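Q: Supplied structure: entry-v2.pdb, PDB, C-alpha atoms.
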```pdb
ATOM      1  CA  MET T   1       6.417  23.936  -9.971
ATOM      2  CA  SER T   2       7.275  21.263 -12.536
ATOM      3  CA  ASP T   3       5.182  19.729 -15.275
ATOM      4  CA  THR T   4       2.770  17.208 -13.763
ATOM      5  CA  SER T   5       1.793  15.536 -17.022
ATOM      6  CA  ILE T   6       3.257  12.131 -17.731
ATOM      7  CA  ARG T   7       2.314   9.365 -20.133
ATOM      8  CA  LYS T   8       1.882   5.817 -18.934
ATOM      9  CA  ASP T   9       4.872   4.667 -21.000
ATOM     10  CA  GLU T  10       7.034   7.348 -19.323
ATOM     11  CA  LEU T  11       6.310   5.963 -15.875
ATOM     12  CA  PRO T  12       9.435   4.353 -14.386
ATOM     13  CA  ALA T  13       9.074   0.568 -14.121
ATOM     14  CA  GLU T  14       9.498   0.521 -10.341
ATOM     15  CA  VAL T  15       6.729   3.126  -9.977
ATOM     16  CA  ALA T  16       4.370   1.071 -12.155
ATOM     17  CA  LEU T  17       5.160  -2.043 -10.118
ATOM     18  CA  ALA T  18       4.441  -0.220  -6.857
ATOM     19  CA  LEU T  19       1.084   0.895  -8.256
ATOM     20  CA  GLN T  20       0.262  -2.621  -9.418
ATOM     21  CA  ARG T  21       0.954  -3.859  -5.889
ATOM     22  CA  GLY T  22      -1.538  -1.277  -4.628
ATOM     23  CA  ASN T  23       1.169   0.754  -2.878
ATOM     24  CA  LYS T  24       0.384   4.325  -3.879
ATOM     25  CA  ILE T  25       2.665   5.877  -1.243
ATOM     26  CA  GLU T  26       5.668   3.871  -2.432
ATOM     27  CA  ALA T  27       4.872   4.856  -6.028
ATOM     28  CA  ILE T  28       4.857   8.538  -5.051
ATOM     29  CA  LYS T  29       8.186   8.186  -3.224
ATOM     30  CA  LEU T  30       9.795   6.362  -6.141
ATOM     31  CA  LEU T  31       8.505   8.903  -8.647
ATOM     32  CA  ARG T  32       9.886  11.761  -6.538
ATOM     33  CA  LEU T  33      13.310  10.127  -6.565
ATOM     34  CA  ALA T  34      13.252   9.251 -10.249
ATOM     35  CA  ARG T  35      12.083  12.645 -11.513
ATOM     36  CA  ARG T  36      13.454  14.828  -8.696
ATOM     37  CA  ILE T  37      10.104  16.519  -8.088
ATOM     38  CA  ASP T  38       8.319  17.631  -4.941
ATOM     39  CA  LEU T  39       5.685  15.672  -3.054
ATOM     40  CA  LYS T  40       2.722  17.653  -4.366
ATOM     41  CA  ASP T  41       3.704  17.168  -8.012
ATOM     42  CA  ALA T  42       4.435  13.470  -7.541
ATOM     43  CA  LYS T  43       1.061  12.941  -5.862
ATOM     44  CA  GLN T  44      -0.725  14.808  -8.672
ATOM     45  CA  ILE T  45       1.008  12.657 -11.279
ATOM     46  CA  ILE T  46       0.184   9.403  -9.504
ATOM     47  CA  ASP T  47      -3.429  10.442  -8.861
ATOM     48  CA  GLY T  48      -3.783  11.465 -12.501
ATOM     49  CA  MET T  49      -2.268   8.218 -13.670
ATOM     50  CA  ILE T  50      -4.693   6.221 -11.500
ATOM     51  CA  ALA T  51      -7.640   8.287 -12.772
ATOM     52  CA  GLN T  52      -6.633   7.713 -16.414
ATOM     53  CA  HIS T  53      -5.661   4.057 -15.963
ATOM     54  CA  PRO T  54      -7.626   2.581 -13.006
ATOM     55  CA  HIS T  55      -6.397  -0.926 -13.837
ATOM     56  CA  LEU T  56      -2.843   0.240 -13.145
ATOM     57  CA  HIS T  57      -3.572   0.676  -9.436
ATOM     58  CA  GLY T  58      -3.786  -2.805  -7.987
ATOM     59  CA  LYS T  59      -5.500  -3.740  -4.783
ATOM     60  CA  ARG T  60      -4.170  -5.703  -1.877
ATOM     61  CA  THR T  61      -3.495  -9.237  -2.900
ATOM     62  CA  ASP T  62      -5.407 -12.188  -1.519
ATOM     63  CA  ALA T  63      -2.207 -13.241   0.243
ATOM     64  CA  ALA T  64      -2.018  -9.882   2.029
ATOM     65  CA  ASP T  65      -5.660 -10.179   3.072
ATOM     66  CA  ALA T  66      -5.046 -13.723   4.309
ATOM     67  CA  ARG T  67      -2.041 -12.524   6.365
ATOM     68  CA  GLY T  68      -4.218  -9.817   7.907
ATOM     69  CA  ARG T  69      -6.871 -12.361   8.876
ATOM     70  CA  TYR T  70      -4.191 -14.686  10.260
ATOM     71  CA  VAL T  71      -2.733 -11.932  12.446
ATOM     72  CA  LEU T  72      -6.197 -11.001  13.719
ATOM     73  CA  LEU T  73      -6.942 -14.648  14.522
ATOM     74  CA  LEU T  74      -3.579 -15.022  16.287
ATOM     75  CA  ILE T  75      -4.152 -11.922  18.423
ATOM     76  CA  SER T  76      -7.663 -13.095  19.303
ATOM     77  CA  ALA T  77      -6.381 -16.538  20.284
ATOM     78  CA  LEU T  78      -3.653 -15.024  22.473
ATOM     79  CA  GLY T  79      -6.215 -12.785  24.151
ATOM     80  CA  LEU T  80      -8.458 -15.777  24.848
ATOM     81  CA  LEU T  81      -5.529 -17.759  26.250
ATOM     82  CA  ALA T  82      -4.558 -14.853  28.519
ATOM     83  CA  PHE T  83      -8.136 -14.593  29.763
ATOM     84  CA  LEU T  84      -8.344 -18.354  30.428
ATOM     85  CA  TYR T  85      -5.000 -18.367  32.223
ATOM     86  CA  HIS T  86      -6.075 -15.482  34.432
ATOM     87  CA  TYR T  87      -9.479 -17.081  35.131
ATOM     88  CA  LEU T  88      -8.046 -20.536  35.936
ATOM     89  CA  THR T  89      -5.205 -19.286  38.150
ATOM     90  CA  GLN T  90      -7.450 -16.952  40.152
ATOM     91  CA  GLY T  91     -10.334 -19.425  40.546
TER
END
```
Take the structure in the file and write it out as structure tokens.
A:
Amino acid sequence: MSDTSIRKDELPAEVALALQRGNKIEAIKLLRLARRIDLKDAKQIIDGMIAQHPHLHGKRTDAADARGRYVLLLISALGLLAFLYHYLTQG
């Protein structure tokens, strides 16, 4: 088992960026590659980093939330169109 302590300034830039984007899984993967450590240790480091520096872990952006709403609206509209097509062609 390797040392799971790491300072914020020792965090690789790409790992910090992944955390800021709110992508914890990507941050863990990138840290594993950068430090050549196992999954458990990488997860402990990332979780510890988030606990010590909550501002470092970003949330989904408004753009990502808007895309999610757009996809949901699109699927709903397609479902409604399919229902109307079925109702009008069978009636």
Q: CA of Ala51 in chain T and CA of Ala34 in chain T are how many Å apart?
A: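 So the answer is 21.1 Å.
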Q: Let me make sure I understand: among T:His53, T:Ala77, T:Ile28, T:Asp65, which one has the smallest atom-to-atom distance to Asp41 in chain T if we use only C-alpha atoms?
A: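 Nearest candidate to Asp41 in chain T out of T:His53, T:Ala77, T:Ile28, T:Asp65: T:Ile28.
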Q: As an exercise, work out the distance from CA of Pro12 in chain T to CA of Gly48 in chain T in Å and give it to one decimal place.
A: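 Distance between the two atoms: 15.1 Å.
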Q: Evaluating the PyMOL selection byres ((chain T and resi 32) around 12) on the displayed file yields which residues, as number ranges by chain?
A: T: 2, 4, 11-12, 14-15, 25-31, 33-46
Q: Work out how far apart CA of Tyr70 in chain T and CA of Ala18 in chain T are and give it in Å to one decimal.
A: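 Between these atoms lies a distance of 24.0 Å.
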